[in-house]
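Visitor: Below is the file upload.pdb, which contains PDB, C-alpha atoms, pLDDT in the B column.
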ATOM      1  CA  MET A 307      76.216  65.335 159.024  1.00 96.00           C
ATOM      2  CA  VAL A 308      73.385  64.881 156.566  1.00 97.00           C
ATOM      3  CA  GLU A 309      72.131  61.394 155.715  1.00 96.00           C
ATOM      4  CA  LYS A 310      69.516  60.061 153.307  1.00 97.00           C
ATOM      5  CA  GLN A 311      68.341  56.546 152.429  1.00 97.00           C
ATOM      6  CA  PHE A 312      67.604  55.337 148.898  1.00 96.00           C
ATOM      7  CA  LYS A 313      66.156  52.220 147.253  1.00 97.00           C
ATOM      8  CA  VAL A 314      67.644  51.064 143.943  1.00 96.00           C
ATOM      9  CA  THR A 315      65.045  51.125 141.159  1.00 95.00           C
ATOM     10  CA  ASP A 316      67.363  50.398 138.206  1.00 92.00           C
ATOM     11  CA  LYS A 317      66.992  46.713 137.291  1.00 94.00           C
ATOM     12  CA  ALA A 318      70.770  46.474 136.729  1.00 93.00           C
ATOM     13  CA  GLY A 319      71.562  47.933 140.142  1.00 91.00           C
ATOM     14  CA  ILE A 320      74.432  50.330 140.759  1.00 91.00           C
ATOM     15  CA  HIS A 321      76.774  49.070 138.036  1.00 88.00           C
ATOM     16  CA  ALA A 322      79.784  50.820 136.455  1.00 90.00           C
ATOM     17  CA  ARG A 323      78.050  53.689 134.610  1.00 91.00           C
ATOM     18  CA  PRO A 324      75.894  54.884 137.519  1.00 90.00           C
ATOM     19  CA  ALA A 325      78.755  54.364 139.957  1.00 92.00           C
ATOM     20  CA  ALA A 326      80.983  56.594 137.813  1.00 93.00           C
ATOM     21  CA  MET A 327      78.219  59.195 137.618  1.00 94.00           C
ATOM     22  CA  LEU A 328      77.757  59.244 141.409  1.00 95.00           C
ATOM     23  CA  VAL A 329      81.507  59.541 141.973  1.00 96.00           C
ATOM     24  CA  SER A 330      81.638  62.440 139.511  1.00 96.00           C
ATOM     25  CA  VAL A 331      78.839  64.275 141.321  1.00 97.00           C
ATOM     26  CA  ALA A 332      80.353  63.594 144.762  1.00 97.00           C
ATOM     27  CA  ASN A 333      83.701  65.014 143.642  1.00 97.00           C
ATOM     28  CA  LYS A 334      82.088  68.396 142.933  1.00 97.00           C
ATOM     29  CA  PHE A 335      81.792  68.980 146.674  1.00 98.00           C
ATOM     30  CA  VAL A 336      84.370  69.571 149.397  1.00 98.00           C
ATOM     31  CA  SER A 337      82.412  67.589 152.000  1.00 98.00           C
ATOM     32  CA  ASP A 338      83.255  63.980 152.792  1.00 97.00           C
ATOM     33  CA  VAL A 339      80.599  61.843 151.111  1.00 97.00           C
ATOM     34  CA  ASN A 340      80.134  58.184 152.003  1.00 97.00           C
ATOM     35  CA  LEU A 341      77.868  55.333 150.977  1.00 96.00           C
ATOM     36  CA  ASP A 342      76.648  52.795 153.545  1.00 97.00           C
ATOM     37  CA  TYR A 343      75.432  49.408 152.319  1.00 96.00           C
ATOM     38  CA  GLY A 344      75.337  45.982 153.891  1.00 92.00           C
ATOM     39  CA  GLY A 345      77.354  47.011 156.920  1.00 94.00           C
ATOM     40  CA  LYS A 346      80.098  48.549 154.787  1.00 95.00           C
ATOM     41  CA  ASN A 347      80.934  52.222 154.458  1.00 95.00           C
ATOM     42  CA  VAL A 348      82.849  53.451 151.400  1.00 96.00           C
ATOM     43  CA  ASN A 349      84.059  56.825 150.149  1.00 96.00           C
ATOM     44  CA  LEU A 350      81.666  57.909 147.364  1.00 96.00           C
ATOM     45  CA  LYS A 351      84.539  59.770 145.725  1.00 96.00           C
ATOM     46  CA  SER A 352      86.192  56.418 144.891  1.00 92.00           C
ATOM     47  CA  ILE A 353      84.711  54.331 142.091  1.00 92.00           C
ATOM     48  CA  LEU A 354      86.486  51.203 143.334  1.00 92.00           C
ATOM     49  CA  GLY A 355      84.783  51.516 146.694  1.00 90.00           C
ATOM     50  CA  VAL A 356      81.345  51.928 145.138  1.00 91.00           C
ATOM     51  CA  MET A 357      81.856  49.092 142.637  1.00 91.00           C
ATOM     52  CA  SER A 358      83.055  46.744 145.389  1.00 91.00           C
ATOM     53  CA  LEU A 359      79.631  46.861 147.036  1.00 93.00           C
ATOM     54  CA  GLY A 360      77.677  45.315 144.147  1.00 92.00           C
ATOM     55  CA  ILE A 361      74.401  47.004 145.064  1.00 94.00           C
ATOM     56  CA  GLY A 362      71.547  45.275 143.257  1.00 95.00           C
ATOM     57  CA  HIS A 363      67.974  46.126 142.263  1.00 96.00           C
ATOM     58  CA  GLY A 364      65.633  46.618 145.216  1.00 96.00           C
ATOM     59  CA  GLU A 365      68.435  47.055 147.743  1.00 96.00           C
ATOM     60  CA  THR A 366      68.563  50.040 150.066  1.00 97.00           C
ATOM     61  CA  PHE A 367      71.601  52.141 150.878  1.00 96.00           C
ATOM     62  CA  LYS A 368      72.389  55.379 152.667  1.00 97.00           C
ATOM     63  CA  LEU A 369      74.407  58.362 151.566  1.00 97.00           C
ATOM     64  CA  ASN A 370      75.892  60.675 154.151  1.00 97.00           C
ATOM     65  CA  ALA A 371      77.861  63.856 153.807  1.00 98.00           C
ATOM     66  CA  SER A 372      79.841  65.831 156.332  1.00 97.00           C
ATOM     67  CA  GLY A 373      81.373  69.232 155.688  1.00 97.00           C
ATOM     68  CA  ALA A 374      80.790  72.772 154.507  1.00 97.00           C
ATOM     69  CA  ASP A 375      78.470  71.852 151.624  1.00 97.00           C
ATOM     70  CA  GLU A 376      76.978  68.628 153.000  1.00 98.00           C
ATOM     71  CA  GLN A 377      73.340  69.497 152.308  1.00 98.00           C
ATOM     72  CA  ASP A 378      74.084  70.582 148.737  1.00 98.00           C
ATOM     73  CA  ALA A 379      75.994  67.330 148.134  1.00 98.00           C
ATOM     74  CA  ILE A 380      73.128  65.138 149.336  1.00 97.00           C
ATOM     75  CA  ASN A 381      70.569  67.179 147.400  1.00 97.00           C
ATOM     76  CA  GLU A 382      72.553  66.935 144.156  1.00 97.00           C
ATOM     77  CA  LEU A 383      73.177  63.204 144.582  1.00 97.00           C
ATOM     78  CA  ALA A 384      69.476  62.605 145.309  1.00 97.00           C
ATOM     79  CA  LYS A 385      68.543  64.603 142.216  1.00 96.00           C
ATOM     80  CA  THR A 386      70.978  62.579 140.082  1.00 95.00           C
ATOM     81  CA  LEU A 387      69.711  59.245 141.406  1.00 94.00           C
ATOM     82  CA  LYS A 388      66.105  60.224 140.684  1.00 95.00           C
ATOM     83  CA  THR A 389      66.570  61.828 137.263  1.00 93.00           C
ATOM     84  CA  GLU A 390      68.715  58.927 136.024  1.00 90.00           C
ATOM     85  CA  GLY A 391      66.152  56.384 137.270  1.00 90.00           C
ATOM     86  CA  LEU A 392      68.691  54.728 139.542  1.00 89.00           C
ATOM     87  CA  ALA A 393      67.084  55.036 142.956  1.00 90.00           C
ATOM     88  CA  GLU A 394      64.395  56.851 144.898  1.00 91.00           C
TER      89      GLU A 394
END
Here is a file; write its structure as C-alpha coordinates.

Guide:
Amino acid sequence: MVEKQFKVTDKAGIHARPAAMLVSVANKFVSDVNLDYGGKNVNLKSILGVMSLGIGHGETFKLNASGADEQDAINELAKTLKTEGLAE
(Lines of atoms letter the chains of each structure in order from A and count residues from 1; the text may use other names and numbers.)
(Lines give C-alpha, C1' and ligand atoms only; values in the text may rest on other atoms or scores of the structure.)
Protein backbone atom coordinates (compact mmCIF):
# COMPACT_ATOMS: atom_id res chain seq x y z
CA MET A 1 0.00 0.00 0.00
CA VAL A 2 1.19 3.48 -0.87
CA GLU A 3 -0.02 6.47 1.14
CA LYS A 4 0.53 10.22 0.86
CA GLN A 5 -0.77 13.19 2.85
CA PHE A 6 -1.95 16.47 1.32
CA LYS A 7 -3.05 19.90 2.56
CA VAL A 8 -5.87 21.67 0.70
CA THR A 9 -4.68 24.97 -0.79
CA ASP A 10 -7.79 25.81 -2.85
CA LYS A 11 -9.81 28.41 -0.93
CA ALA A 12 -13.05 26.62 -1.91
CA GLY A 13 -11.80 23.27 -0.64
CA ILE A 14 -12.52 19.99 -2.40
CA HIS A 15 -15.87 20.93 -3.94
CA ALA A 16 -17.73 19.27 -6.84
CA ARG A 17 -15.38 20.09 -9.75
CA PRO A 18 -12.15 18.95 -8.07
CA ALA A 19 -13.90 15.94 -6.56
CA ALA A 20 -15.07 14.88 -10.03
CA MET A 21 -11.55 15.39 -11.39
CA LEU A 22 -10.00 13.23 -8.64
CA VAL A 23 -12.57 10.48 -9.19
CA SER A 24 -11.84 10.56 -12.92
CA VAL A 25 -8.09 10.19 -12.33
CA ALA A 26 -8.58 7.43 -9.73
CA ASN A 27 -10.74 5.44 -12.15
CA LYS A 28 -7.85 5.21 -14.63
CA PHE A 29 -6.14 2.72 -12.32
CA VAL A 30 -6.97 -0.84 -11.30
CA SER A 31 -5.74 -0.35 -7.73
CA ASP A 32 -8.13 0.40 -4.89
CA VAL A 33 -7.77 4.10 -4.10
CA ASN A 34 -9.14 5.60 -0.90
CA LEU A 35 -9.27 9.00 0.76
CA ASP A 36 -8.93 9.34 4.54
CA TYR A 37 -10.23 12.50 6.21
CA GLY A 38 -11.55 13.22 9.66
CA GLY A 39 -11.61 9.59 10.71
CA LYS A 40 -13.55 8.55 7.61
CA ASN A 41 -12.29 6.47 4.72
CA VAL A 42 -14.04 6.66 1.35
CA ASN A 43 -13.51 5.09 -2.07
CA LEU A 44 -11.92 7.76 -4.30
CA LYS A 45 -13.63 6.17 -7.29
CA SER A 46 -17.02 7.35 -5.94
CA ILE A 47 -17.88 11.03 -6.21
CA LEU A 48 -20.59 10.70 -3.56
CA GLY A 49 -18.06 9.44 -1.06
CA VAL A 50 -15.65 12.28 -1.76
CA MET A 51 -18.38 14.95 -1.70
CA SER A 52 -19.75 13.63 1.60
CA LEU A 53 -16.52 14.58 3.36
CA GLY A 54 -16.75 18.34 2.75
CA ILE A 55 -12.99 18.89 2.91
CA GLY A 56 -12.29 22.59 3.37
CA HIS A 57 -9.36 24.95 2.80
CA GLY A 58 -6.36 24.24 5.02
CA GLU A 59 -7.51 20.74 5.95
CA THR A 60 -5.25 17.73 5.55
CA PHE A 61 -6.20 14.37 4.10
CA LYS A 62 -4.47 11.18 3.01
CA LEU A 63 -4.74 9.22 -0.19
CA ASN A 64 -3.82 5.56 -0.23
CA ALA A 65 -3.70 3.05 -3.02
CA SER A 66 -3.37 -0.70 -2.96
CA GLY A 67 -2.89 -2.87 -6.03
CA ALA A 68 -0.86 -3.50 -9.15
CA ASP A 69 -0.45 0.17 -10.10
CA GLU A 70 -0.64 1.76 -6.65
CA GLN A 71 2.44 3.96 -7.00
CA ASP A 72 1.36 5.25 -10.42
CA ALA A 73 -2.10 6.08 -9.02
CA ILE A 74 -0.71 8.10 -6.11
CA ASN A 75 1.80 9.87 -8.36
CA GLU A 76 -0.88 10.86 -10.88
CA LEU A 77 -3.28 12.03 -8.17
CA ALA A 78 -0.52 14.08 -6.52
CA LYS A 79 0.35 15.63 -9.88
CA THR A 80 -3.31 16.51 -10.50
CA LEU A 81 -3.75 18.06 -7.05
CA LYS A 82 -0.64 20.20 -7.51
CA THR A 83 -1.18 21.31 -11.11
CA GLU A 84 -4.82 22.23 -10.45
CA GLY A 85 -3.85 24.21 -7.33
CA LEU A 86 -6.02 22.05 -5.10
CA ALA A 87 -3.55 20.70 -2.58
CA GLU A 88 0.13 20.19 -1.90

Visitor: Segment 339-348 of chain A: which residues within 10 Å, counting only C-alpha atoms, same-chain residues fewer than 6 positions away excluded, as a PyMOL selection string?

Guide: chain A and resi 307-311+329+332-333+354-361+365-373+376+379-380+383

Visitor: Have a look at A:Lys313, A:His321, A:Lys385, A:Lys351 and name the one nearest to Val336 of chain A; count all atoms listed in the file.

Guide: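 Checking each of A:Lys313, A:His321, A:Lys385, A:Lys351 against Val336 of chain A, counting all atoms listed in the file, the winner is A:Lys351.
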
Visitor: Atom CA of Lys334 of chain A and atom CA of Ala393 of chain A are how many Å apart?

Guide: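 Taking atom CA of Lys334 of chain A and atom CA of Ala393 of chain A, their separation equals 20.1 Å.
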
Visitor: List the residues selected by the PyMOL selection byres ((chain A and resi 392) around 6) in the file shown, writing them as a ChimeraX atom specification.

Guide: /A:314-316,387,390-391,393

Visitor: Write the residues of the preceding selection, restricted to C-alpha atoms, as a PDB file, keeping the file's coordinate frame.

Guide:
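New file result-v4.pdb:
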ATOM      1  CA  VAL A 314      67.644  51.064 143.943  1.00 96.00           C
ATOM      2  CA  THR A 315      65.045  51.125 141.159  1.00 95.00           C
ATOM      3  CA  ASP A 316      67.363  50.398 138.206  1.00 92.00           C
ATOM      4  CA  LEU A 387      69.711  59.245 141.406  1.00 94.00           C
ATOM      5  CA  GLU A 390      68.715  58.927 136.024  1.00 90.00           C
ATOM      6  CA  GLY A 391      66.152  56.384 137.270  1.00 90.00           C
ATOM      7  CA  ALA A 393      67.084  55.036 142.956  1.00 90.00           C
TER       8      ALA A 393
END

Visitor: For the atom pair atom CA of Ala374 of chain A and atom CA of Ala326 of chain A, what is the interatomic distance in Å to one decimal place?

Guide: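 A separation of 23.2 Å between them.
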
Visitor: What is the distance between atom CA of Lys317 of chain A and atom CA of His363 of chain A, in Å to one decimal?

Guide: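 Interatomic distance here is 5.1 Å.
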
Visitor: Kindly indicate which residue among A:Ala384, A:Met327, A:Leu350, A:Ile320 lies nearest to Gly364 of chain A, using all atoms listed in the file for the distances.

Guide: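 Among the listed residues, A:Ile320 lies closest to Gly364 of chain A.
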
Visitor: From the set A:Ala325, A:Val331, A:Ile353, A:Ala318, which residue has the shortest atom-to-atom contact distance to Asn381 of chain A, counting only C-alpha atoms?

Guide: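 Using only C-alpha atoms, Asn381 of chain A sits closest to A:Val331.
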
Visitor: My list of candidates is A:Asp375, A:Glu394, A:Ser352, A:Phe312. Which is closest to Ser330 of chain A when distances are computed with only C-alpha atoms?

Guide: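 Selected residue with least distance to Ser330 of chain A: A:Ser352.
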
Visitor: Mind giving me the axis-aligned box for segment 382-387 of chain A with 8 Å on every side, centre plus edges in Å to one decimal, as lines of an AutoDock Vina configuration file?

Guide:
center_x = 70.9
center_y = 63.1
center_z = 142.7
size_x = 20.6
size_y = 23.7
size_z = 21.2
